[in-house]
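A.B. asks: Just data.cif, nothing more (mmCIF, C-alpha atoms):
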data_coords
loop_
_atom_site.label_atom_id
_atom_site.label_comp_id
_atom_site.auth_asym_id
_atom_site.auth_seq_id
_atom_site.Cartn_x
_atom_site.Cartn_y
_atom_site.Cartn_z
CA MET I 204 95.34 77.86 90.11
CA LYS I 205 98.58 79.63 91.04
CA ALA I 206 98.63 81.24 87.59
CA PHE I 207 95.07 82.52 88.03
CA LEU I 208 95.89 83.96 91.48
CA GLY I 209 98.98 85.62 90.02
CA TYR I 210 96.85 87.18 87.31
CA ILE I 211 94.36 88.60 89.84
CA ALA I 212 97.18 90.07 91.94
CA GLY I 213 98.76 91.66 88.85
CA LEU I 214 95.40 92.99 87.64
CA LEU I 215 94.66 94.66 91.01
CA PHE I 216 98.15 96.18 90.96
CA GLY I 217 97.77 97.44 87.39
CA LEU I 218 94.32 98.90 88.11
CA GLY I 219 95.70 100.67 91.18
CA LEU I 220 98.61 102.19 89.26
CA GLY I 221 96.28 103.30 86.46
CA LEU I 222 93.63 104.75 88.78
CA GLY I 223 96.24 106.66 90.77
CA GLY I 224 97.83 108.11 87.63
CA MET I 225 101.16 106.38 88.29
CA THR I 226 101.38 105.16 84.66
CA ASP I 227 101.90 108.81 83.69
CA PRO I 228 105.59 109.65 84.26
CA ALA I 229 104.78 113.37 84.09
CA ARG I 230 102.67 113.01 87.25
CA VAL I 231 105.41 111.04 89.01
CA ILE I 232 108.02 113.65 88.09
CA GLY I 233 105.52 116.28 89.25
CA PHE I 234 105.62 114.64 92.69
CA LEU I 235 109.43 114.43 92.73
CA ASP I 236 109.67 118.12 91.67
CA ILE I 237 109.24 119.63 95.14
CA PHE I 238 110.55 123.01 93.96
CA GLY I 239 108.15 123.19 91.00
CA ALA I 240 104.37 122.84 90.72
CA TRP I 241 104.29 120.01 93.28
CA ASP I 242 101.78 117.23 92.57
CA PRO I 243 101.04 115.26 95.78
CA THR I 244 99.12 112.38 94.10
CA LEU I 245 101.96 109.83 94.52
CA LEU I 246 101.99 110.46 98.26
CA PHE I 247 98.30 109.53 98.46
CA VAL I 248 98.83 106.43 96.30
CA LEU I 249 101.76 105.30 98.46
CA GLY I 250 99.87 106.14 101.66
CA GLY I 251 96.73 104.26 100.57
CA ALA I 252 98.84 101.25 99.56
CA VAL I 253 100.90 101.15 102.77
CA ILE I 254 97.87 101.50 105.07
CA THR I 255 95.90 98.79 103.23
CA THR I 256 98.91 96.45 103.21
CA PHE I 257 99.73 97.17 106.88
CA VAL I 258 96.22 96.20 107.99
CA GLY I 259 95.91 93.27 105.55
CA TYR I 260 99.32 91.76 106.41
CA ARG I 261 98.40 91.79 110.11
CA VAL I 262 95.36 89.65 109.38
CA VAL I 263 97.01 87.37 106.80
CA LEU I 264 100.28 86.73 108.65
CA CYS I 265 98.40 85.41 111.70
CA ARG I 266 97.66 82.31 109.66
CA ALA I 267 100.08 79.39 109.59
CA LYS I 268 100.59 79.42 105.83
CA PRO I 269 99.21 80.90 102.62
CA LEU I 270 96.22 79.28 100.86
CA TRP I 271 98.39 77.89 97.99
CA GLY I 272 101.96 77.42 99.13
CA ASP I 273 104.04 75.90 101.90
CA GLY I 274 104.89 79.10 103.75
CA PHE I 275 105.15 82.87 103.73
CA ARG I 276 108.37 84.03 102.08
CA LEU I 277 109.38 87.11 104.02
CA PRO I 278 112.75 88.91 104.01
CA THR I 279 114.72 88.06 107.13
CA ARG I 280 117.58 90.59 107.01
CA HIS I 281 117.63 93.58 109.33
CA ASP I 282 121.13 95.00 108.76
CA LEU I 283 121.83 98.07 106.67
CA ASP I 284 124.65 97.44 104.21
CA GLY I 285 126.39 99.28 101.39
CA LYS I 286 124.59 97.29 98.70
CA LEU I 287 121.19 98.42 99.97
CA LEU I 288 122.23 102.08 100.04
CA LEU I 289 124.11 102.01 96.72
CA GLY I 290 121.26 100.16 95.02
CA ALA I 291 118.60 102.54 96.35
CA ALA I 292 120.65 105.58 95.24
CA LEU I 293 121.21 104.21 91.70
CA PHE I 294 117.52 103.38 91.46
CA GLY I 295 116.63 106.90 92.62
CA ILE I 296 118.77 108.45 89.88
CA GLY I 297 117.08 106.33 87.19
CA TRP I 298 113.63 107.02 88.66
CA GLY I 299 114.26 110.78 88.72
CA LEU I 300 115.56 110.79 85.13
CA SER I 301 112.59 108.88 83.70
CA GLY I 302 109.66 109.05 86.12
CA TYR I 303 109.39 105.26 85.82
CA CYS I 304 109.90 102.72 88.57
CA PRO I 305 109.53 99.05 87.54
CA GLY I 306 105.75 98.63 88.17
CA PRO I 307 104.49 101.63 86.19
CA ALA I 308 107.04 101.03 83.41
CA PHE I 309 105.78 97.48 82.75
CA ALA I 310 102.14 98.46 83.38
CA SER I 311 102.48 100.97 80.50
CA VAL I 312 103.04 98.26 77.86
CA GLY I 313 99.47 98.93 76.61
CA HIS I 314 100.82 102.11 75.00
CA LEU I 315 104.19 101.05 73.59
CA THR I 316 106.68 103.65 72.38
CA TYR I 317 110.35 103.27 71.43
CA PRO I 318 111.59 105.07 74.58
CA LEU I 319 109.44 102.77 76.76
CA VAL I 320 110.78 99.64 75.00
CA ALA I 321 114.31 100.96 75.56
CA MET I 322 113.53 101.53 79.25
CA LEU I 323 112.12 98.00 79.73
CA LEU I 324 114.97 96.23 77.91
CA ALA I 325 117.59 98.25 79.77
CA MET I 326 115.88 97.47 83.07
CA VAL I 327 116.00 93.71 82.47
CA ALA I 328 119.65 94.09 81.40
CA GLY I 329 120.25 95.97 84.67
CA TRP I 330 118.75 93.12 86.70
CA TRP I 331 121.03 90.72 84.81
CA VAL I 332 124.08 92.88 85.59
CA ALA I 333 123.08 93.11 89.26
CA ARG I 334 123.02 89.29 89.47
CA ARG I 335 126.17 88.55 87.50
CA ALA I 336 128.59 91.41 87.95
CA PRO I 337 131.42 90.26 90.23
CA PHE I 338 132.18 93.77 91.55
CA ILE I 339 128.79 93.95 93.20
CA GLN I 340 128.73 90.48 94.76
CA MET C 496 94.23 118.37 90.87
CA GLY C 497 92.94 119.13 94.34
CA TRP C 498 90.96 116.84 96.58
CA THR C 499 89.43 114.71 93.85
CA ALA C 500 92.89 113.72 92.61
CA ASN C 501 94.05 113.00 96.15
CA ILE C 502 91.07 110.73 96.83
CA GLN C 503 91.54 108.95 93.49
CA GLY C 504 95.20 108.47 94.45
CA LEU C 505 94.14 106.97 97.78
CA ILE C 506 91.74 104.58 96.01
CA GLY C 507 94.44 103.59 93.51
CA GLY C 508 96.80 102.97 96.43
CA GLY C 509 94.09 100.86 98.07
CA PHE C 510 93.99 98.62 94.99
CA ILE C 511 97.78 98.24 95.12
CA GLY C 512 97.51 97.34 98.81
CA LEU C 513 94.77 94.80 98.05
CA SER C 514 97.08 93.24 95.46
CA ALA C 515 99.90 92.97 98.00
CA VAL C 516 97.61 91.44 100.66
CA PHE C 517 96.04 89.05 98.11
CA LEU C 518 99.44 87.83 96.90
CA MET C 519 100.61 87.24 100.48
CA ALA C 520 97.36 85.49 101.49
CA THR C 521 97.29 83.16 98.48
CA LEU C 522 100.89 82.51 97.38
CA GLY C 523 102.77 83.83 100.41
CA ARG C 524 104.85 86.30 98.38
CA ILE C 525 105.85 89.93 98.72
CA ALA C 526 104.37 92.03 95.89
CA GLY C 527 107.73 93.45 94.82
CA ILE C 528 107.62 94.15 91.10
CA SER C 529 111.39 94.24 90.54
CA GLY C 530 111.81 90.89 92.32
CA ILE C 531 108.89 89.15 90.59
CA LEU C 532 109.88 90.34 87.11
CA ALA C 533 113.64 89.83 87.51
CA ASP C 534 112.90 86.24 88.56
CA LEU C 535 110.48 85.85 85.65
CA PHE C 536 113.04 86.95 83.06
CA LEU C 537 116.26 85.64 84.60
CA ASP C 538 115.55 82.53 86.70
CA LYS C 539 116.08 79.09 85.23
CA PRO C 540 112.76 77.99 83.73
CA ASN C 541 110.63 76.33 86.39
CA ARG C 542 107.01 75.81 85.37
CA ASP C 543 105.48 76.21 88.81
CA GLU C 544 107.16 79.54 89.54
CA LEU C 545 107.23 80.90 85.98
CA GLY C 546 103.47 80.53 85.48
CA TRP C 547 102.19 82.84 88.20
CA ARG C 548 104.91 85.43 87.55
CA LEU C 549 104.05 85.55 83.85
CA MET C 550 100.34 85.85 84.68
CA PHE C 551 101.11 88.59 87.23
CA LEU C 552 102.85 90.55 84.46
CA LEU C 553 99.85 90.00 82.14
CA GLY C 554 97.52 91.24 84.89
CA LEU C 555 99.74 94.26 85.53
CA VAL C 556 99.63 95.18 81.82
CA SER C 557 95.90 94.55 81.47
CA GLY C 558 94.88 96.80 84.41
CA PRO C 559 95.55 100.15 82.69
CA ILE C 560 94.27 98.76 79.35
CA LEU C 561 90.94 97.88 81.04
CA LEU C 562 90.72 101.42 82.43
CA MET C 563 91.33 102.82 78.94
CA LEU C 564 88.61 100.57 77.47
CA PHE C 565 86.17 101.96 80.03
CA GLY C 566 87.02 105.53 79.09
CA GLY C 567 89.53 106.15 81.87
CA VAL C 568 86.80 105.85 84.51
CA GLY C 569 88.06 106.70 87.99
CA ASN C 570 91.51 107.64 86.71
CA VAL C 571 93.11 110.82 88.04
CA ALA C 572 93.52 112.25 84.53
CA GLY C 573 89.89 111.43 83.74
CA SER C 574 90.21 110.49 80.07
CA SER C 575 91.21 107.20 78.50
CA GLN C 576 94.15 108.46 76.42
CA ASP C 577 95.74 109.96 79.55
CA VAL C 578 95.76 106.74 81.62
CA ILE C 579 99.16 105.78 80.20
CA GLY C 580 101.40 108.82 79.77
CA VAL C 581 104.21 109.16 77.27
CA PRO C 582 107.87 108.76 78.32
CA SER C 583 109.53 111.99 79.40
CA GLY C 584 112.57 111.55 77.16
CA GLY C 585 113.94 109.77 74.11
CA VAL C 586 115.57 106.37 73.66
CA PRO C 587 119.08 107.33 74.90
CA LEU C 588 117.80 108.84 78.17
CA MET C 589 115.50 105.87 78.76
CA LEU C 590 118.34 103.38 78.15
CA VAL C 591 120.42 105.09 80.83
CA ALA C 592 117.47 105.41 83.23
CA GLY C 593 116.35 101.81 82.66
CA LEU C 594 119.83 100.45 83.31
CA LEU C 595 120.08 102.48 86.54
CA VAL C 596 116.63 101.35 87.70
CA GLY C 597 117.48 97.71 86.89
CA VAL C 598 120.93 97.65 88.52
CA GLY C 599 119.72 99.74 91.45
CA THR C 600 116.65 97.66 92.31
CA GLY C 601 118.65 94.47 91.70
CA VAL C 602 121.52 95.45 94.00
CA GLY C 603 119.21 97.15 96.54
CA SER C 604 116.77 94.19 96.62
CA GLY C 605 113.63 96.14 95.83
CA CYS C 606 111.79 99.06 94.31
CA THR C 607 108.84 101.32 95.15
CA SER C 608 106.56 98.31 95.69
CA GLY C 609 108.84 95.85 97.50
CA HIS C 610 110.48 98.42 99.79
CA GLY C 611 108.04 101.36 99.52
CA VAL C 612 104.75 99.50 99.95
CA CYS C 613 105.35 96.00 101.37
CA GLY C 614 108.50 96.86 103.34
CA LEU C 615 107.04 99.95 105.00
CA ALA C 616 103.85 97.99 105.82
CA ARG C 617 106.06 95.37 107.55
CA LEU C 618 107.84 98.18 109.42
CA SER C 619 111.17 96.99 107.98
CA ARG C 620 114.12 99.23 108.84
CA ARG C 621 115.98 98.25 105.66
CA SER C 622 112.97 99.20 103.54
CA LEU C 623 112.45 102.51 105.34
CA VAL C 624 116.08 103.50 104.72
CA ALA C 625 115.98 102.30 101.08
CA THR C 626 112.73 104.21 100.45
CA LEU C 627 114.11 107.44 101.92
CA VAL C 628 117.32 107.08 99.87
CA PHE C 629 115.62 106.50 96.52
CA LEU C 630 112.97 109.17 97.14
CA LEU C 631 115.53 111.81 98.11
CA THR C 632 117.92 110.84 95.28
CA ALA C 633 115.11 111.06 92.73
CA MET C 634 114.05 114.46 94.10
CA VAL C 635 117.63 115.77 93.81
CA VAL C 636 117.87 114.46 90.22
CA VAL C 637 114.58 116.14 89.24
CA PHE C 638 115.73 119.37 90.91
CA LEU C 639 118.99 119.26 88.94
CA THR C 640 117.40 118.39 85.57
CA ARG C 641 114.45 120.80 85.93
CA HIS C 642 115.86 123.79 87.77
CA VAL C 643 119.64 123.73 87.44
CA ILE C 644 120.51 122.24 84.05
CA GLY C 645 117.18 123.46 82.71
CA GLY C 646 114.30 121.33 81.48
CA ALA C 647 116.24 118.76 79.46
CA ALA C 648 114.47 115.74 80.90
#
Using the file provided, produce a representation of the structure as structure tokens.

C.D. replies:
Amino acid sequence: MKAFLGYIAGLLFGLGLGLGGMTDPARVIGFLDIFGAWDPTLLFVLGGAVITTFVGYRVVLCRAKPLWGDGFRLPTRHDLDGKLLLGAALFGIGWGLSGYCPGPAFASVGHLTYPLVAMLLAMVAGWWVARRAPFIQ
Amino acid sequence: MGWTANIQGLIGGGFIGLSAVFLMATLGRIAGISGILADLFLDKPNRDELGWRLMFLLGLVSGPILLMLFGGVGNVAGSSQDVIGVPSGGVPLMLVAGLLVGVGTGVGSGCTSGHGVCGLARLSRRSLVATLVFLLTAMVVVFLTRHVIGGAA
């Protein structure tokens, strides 16, 4: 059952990215290029997603626990630290260079190219480095 | 472009929001792609947790494929071959970008979905700051590569 629910969640996410044009890195870079021919689509995708989630979370999180699971797993930290800022900045550089953040990159597997495979493998390697590298811990 | 694209973007965003709400309501998890996939690939194998993460990835991949099968219906670009765009650079650039995205989202505990969608919806201060930092950094990088160095990426 959990696997089926996971599939539905992933499918909705993939449909949303595809419908909003986020699986096209040219459109994403068009949004980031505020001094060029600016393409606002990403702002509408993000806005639609945040508003829907804001309303939905308010309803869902009133319940005691999720339908299949022992509790809601929510982040508990509130402090701003160097790791958060450094991580976000490194991510921003990679996002600006490629036009891919993790969701759209993996959602694009239906049209595999060598550069995309390189991006996905390097991303998983990056997650591995972030977990293991002593200088970051 | 124009209003049609904006409305299609809003609808696409609505689907992403539905996904986030659905995942929280059923499994009690944040729909953060970098977290879900990093755990899928790097956690010690654990059948209960691995299963739904693997199926989430399959769903994520099958969404755009479904749209292509139905002729790109509802997609901003409006034709099936444009649903999934081609990478903006070659293998070397993508290796560098992928590594930065991986290390960055790993160290910063989230990406556009975990911080940008779920975090902002929870009114998290950490997520708001992270989102502003990665948005502004990405905009500076695109400005440099497009307008200063000159169209390389």

A.B. asks: Skip segment 294-308 of chain I itself and residues of its chain fewer than 4 positions away, then list as a list in words all residues within 6 Å of it, counting all atoms listed in the file.

C.D. replies: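 Listed by chain and then number, they are Thr226, Pro228, Val231 and Ile232 of chain I; Ile528, Ser529, Ala592, Leu595, Val596, Gly599, Thr600, Phe629, Thr632, Ala633, Val636 and Val637 of chain C.
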
A.B. asks: Could you jot down the atom CA of Gly504 of chain C to atom CA of Leu245 of chain I separation for me, Å, one decimal place?

C.D. replies: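 Computing the Euclidean distance for atom CA of Gly504 of chain C and atom CA of Leu245 of chain I yields 6.9 Å.
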
A.B. asks: Do a neighbour search on Tyr317 of chain I at 9 Å with only C-alpha atoms, toss out local chain neighbours closer than 4 positions, and write the hits as a PyMOL selection string.

C.D. replies: (chain I and resi 321-322) or (chain C and resi 585-586)

A.B. asks: Grab the atom CA of Leu208 of chain I to atom CA of Tyr260 of chain I distance for me, in Å with one decimal place.

C.D. replies: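 A separation of 17.2 Å between them.
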
A.B. asks: Could you jot down the atom CA of Ala515 of chain C to atom CA of Arg621 of chain C separation for me, Å, one decimal place?

C.D. replies: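 Rounded to one decimal, the two atoms are 18.6 Å apart.
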
A.B. asks: With only C-alpha atoms as the basis for distance, which of I:Val320, I:Val262, I:Val253, I:Ala240 is at the shortest distance from chain C?

C.D. replies: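 Using only C-alpha atoms, chain C sits closest to I:Val253.
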
A.B. asks: Might you spell out which residues the PyMOL selection byres ((chain C and resi 624) around 10) would select in the displayed file, as a list in words?

C.D. replies: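 Here the PyMOL selection byres ((chain C and resi 624) around 10) matches Leu283, Leu287, Leu288 and Ala291 of chain I; His610, Gly611, Leu615, Ser619, Arg620, Arg621, Ser622, Leu623, Ala625, Thr626, Leu627, Val628, Phe629 and Leu630 of chain C.
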
A.B. asks: Residues picked by the PyMOL selection byres ((chain I and resi 330) around 10) here, as a list of chain:residue names?

C.D. replies: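 Evaluating the PyMOL selection byres ((chain I and resi 330) around 10) on these coordinates yields I:Ala325, I:Met326, I:Val327, I:Ala328, I:Gly329, I:Trp331, I:Val332, I:Ala333, I:Arg334, I:Arg335, C:Ser529, C:Gly530, C:Leu532, C:Ala533, C:Asp534, C:Phe536, C:Leu537, C:Gly593, C:Leu594, C:Leu595, C:Val596, C:Gly597, C:Val598, C:Gly599, C:Thr600, C:Gly601, C:Val602.
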
A.B. asks: Just checking: using all atoms listed in the file, which residue out of C:Gly546, C:Pro540, C:Gly584, C:Gly554 ends up closest to Leu220 of chain I?

C.D. replies: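 Comparing C:Gly546, C:Pro540, C:Gly584, C:Gly554 against Leu220 of chain I, the winner is C:Gly554.
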
A.B. asks: From the list C:Val643, C:Val635, C:Met550, C:Val568, which residue is nearest chain I when using all atoms listed in the file?

C.D. replies: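 Nearest to chain I: C:Met550.
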
A.B. asks: Report as a PyMOL selection string all protein, DNA and RNA residues lying within 10 Å of Val263 of chain I, evaluated on only C-alpha atoms, omitting residues in the same chain fewer than 2 positions from it.

C.D. replies: (chain I and resi 256+258-261+265-269+275) or (chain C and resi 516-517+519-521+523)

A.B. asks: Please produce segment 265-286 of chain I, completed to N, CA and C atoms, as a short mmCIF file (atom, residue, chain, number, x, y, z; two decimals), in the coordinates of the input.

C.D. replies:
data_model
loop_
_atom_site.label_atom_id
_atom_site.label_comp_id
_atom_site.auth_asym_id
_atom_site.auth_seq_id
_atom_site.Cartn_x
_atom_site.Cartn_y
_atom_site.Cartn_z
N CYS I 265 98.77 86.17 110.50
CA CYS I 265 98.40 85.41 111.70
C CYS I 265 98.17 83.95 111.36
N ARG I 266 97.90 83.69 110.08
CA ARG I 266 97.66 82.31 109.66
C ARG I 266 98.97 81.54 109.61
N ALA I 267 98.87 80.22 109.59
CA ALA I 267 100.08 79.39 109.59
C ALA I 267 100.77 79.43 108.23
N LYS I 268 99.99 79.41 107.16
CA LYS I 268 100.59 79.42 105.83
C LYS I 268 99.60 79.99 104.82
N PRO I 269 100.11 80.37 103.64
CA PRO I 269 99.21 80.90 102.62
C PRO I 269 98.28 79.82 102.07
N LEU I 270 97.23 80.23 101.35
CA LEU I 270 96.22 79.28 100.86
C LEU I 270 96.83 78.29 99.86
N TRP I 271 97.73 78.78 98.95
CA TRP I 271 98.39 77.89 97.99
C TRP I 271 99.90 78.05 98.11
N GLY I 272 100.52 77.29 98.97
CA GLY I 272 101.96 77.42 99.13
C GLY I 272 102.34 76.86 100.48
N ASP I 273 103.63 76.56 100.66
CA ASP I 273 104.04 75.90 101.90
C ASP I 273 104.35 76.89 103.01
N GLY I 274 104.60 78.15 102.68
CA GLY I 274 104.89 79.10 103.75
C GLY I 274 104.98 80.51 103.22
N PHE I 275 104.97 81.48 104.13
CA PHE I 275 105.15 82.87 103.73
C PHE I 275 106.63 83.13 103.49
N ARG I 276 106.96 83.72 102.35
CA ARG I 276 108.37 84.03 102.08
C ARG I 276 108.61 85.50 102.40
N LEU I 277 109.14 85.75 103.58
CA LEU I 277 109.38 87.11 104.02
C LEU I 277 110.88 87.36 104.15
N PRO I 278 111.33 88.58 103.83
CA PRO I 278 112.75 88.91 104.01
C PRO I 278 113.12 88.78 105.49
N THR I 279 114.33 88.28 105.74
CA THR I 279 114.72 88.06 107.13
C THR I 279 115.84 89.00 107.59
N ARG I 280 116.43 89.75 106.62
CA ARG I 280 117.58 90.59 107.01
C ARG I 280 117.14 91.87 107.71
N HIS I 281 117.94 92.34 108.63
CA HIS I 281 117.63 93.58 109.33
C HIS I 281 118.78 94.58 109.24
N ASP I 282 119.95 94.13 108.76
CA ASP I 282 121.13 95.00 108.76
C ASP I 282 121.10 95.95 107.57
N LEU I 283 121.68 97.13 107.77
CA LEU I 283 121.83 98.07 106.67
C LEU I 283 123.22 97.88 106.09
N ASP I 284 123.32 97.61 104.78
CA ASP I 284 124.65 97.44 104.21
C ASP I 284 124.82 98.35 102.99
N GLY I 285 126.06 98.39 102.50
CA GLY I 285 126.39 99.28 101.39
C GLY I 285 125.59 98.97 100.14
N LYS I 286 125.33 97.67 99.89
CA LYS I 286 124.59 97.29 98.70
C LYS I 286 123.19 97.88 98.70
#
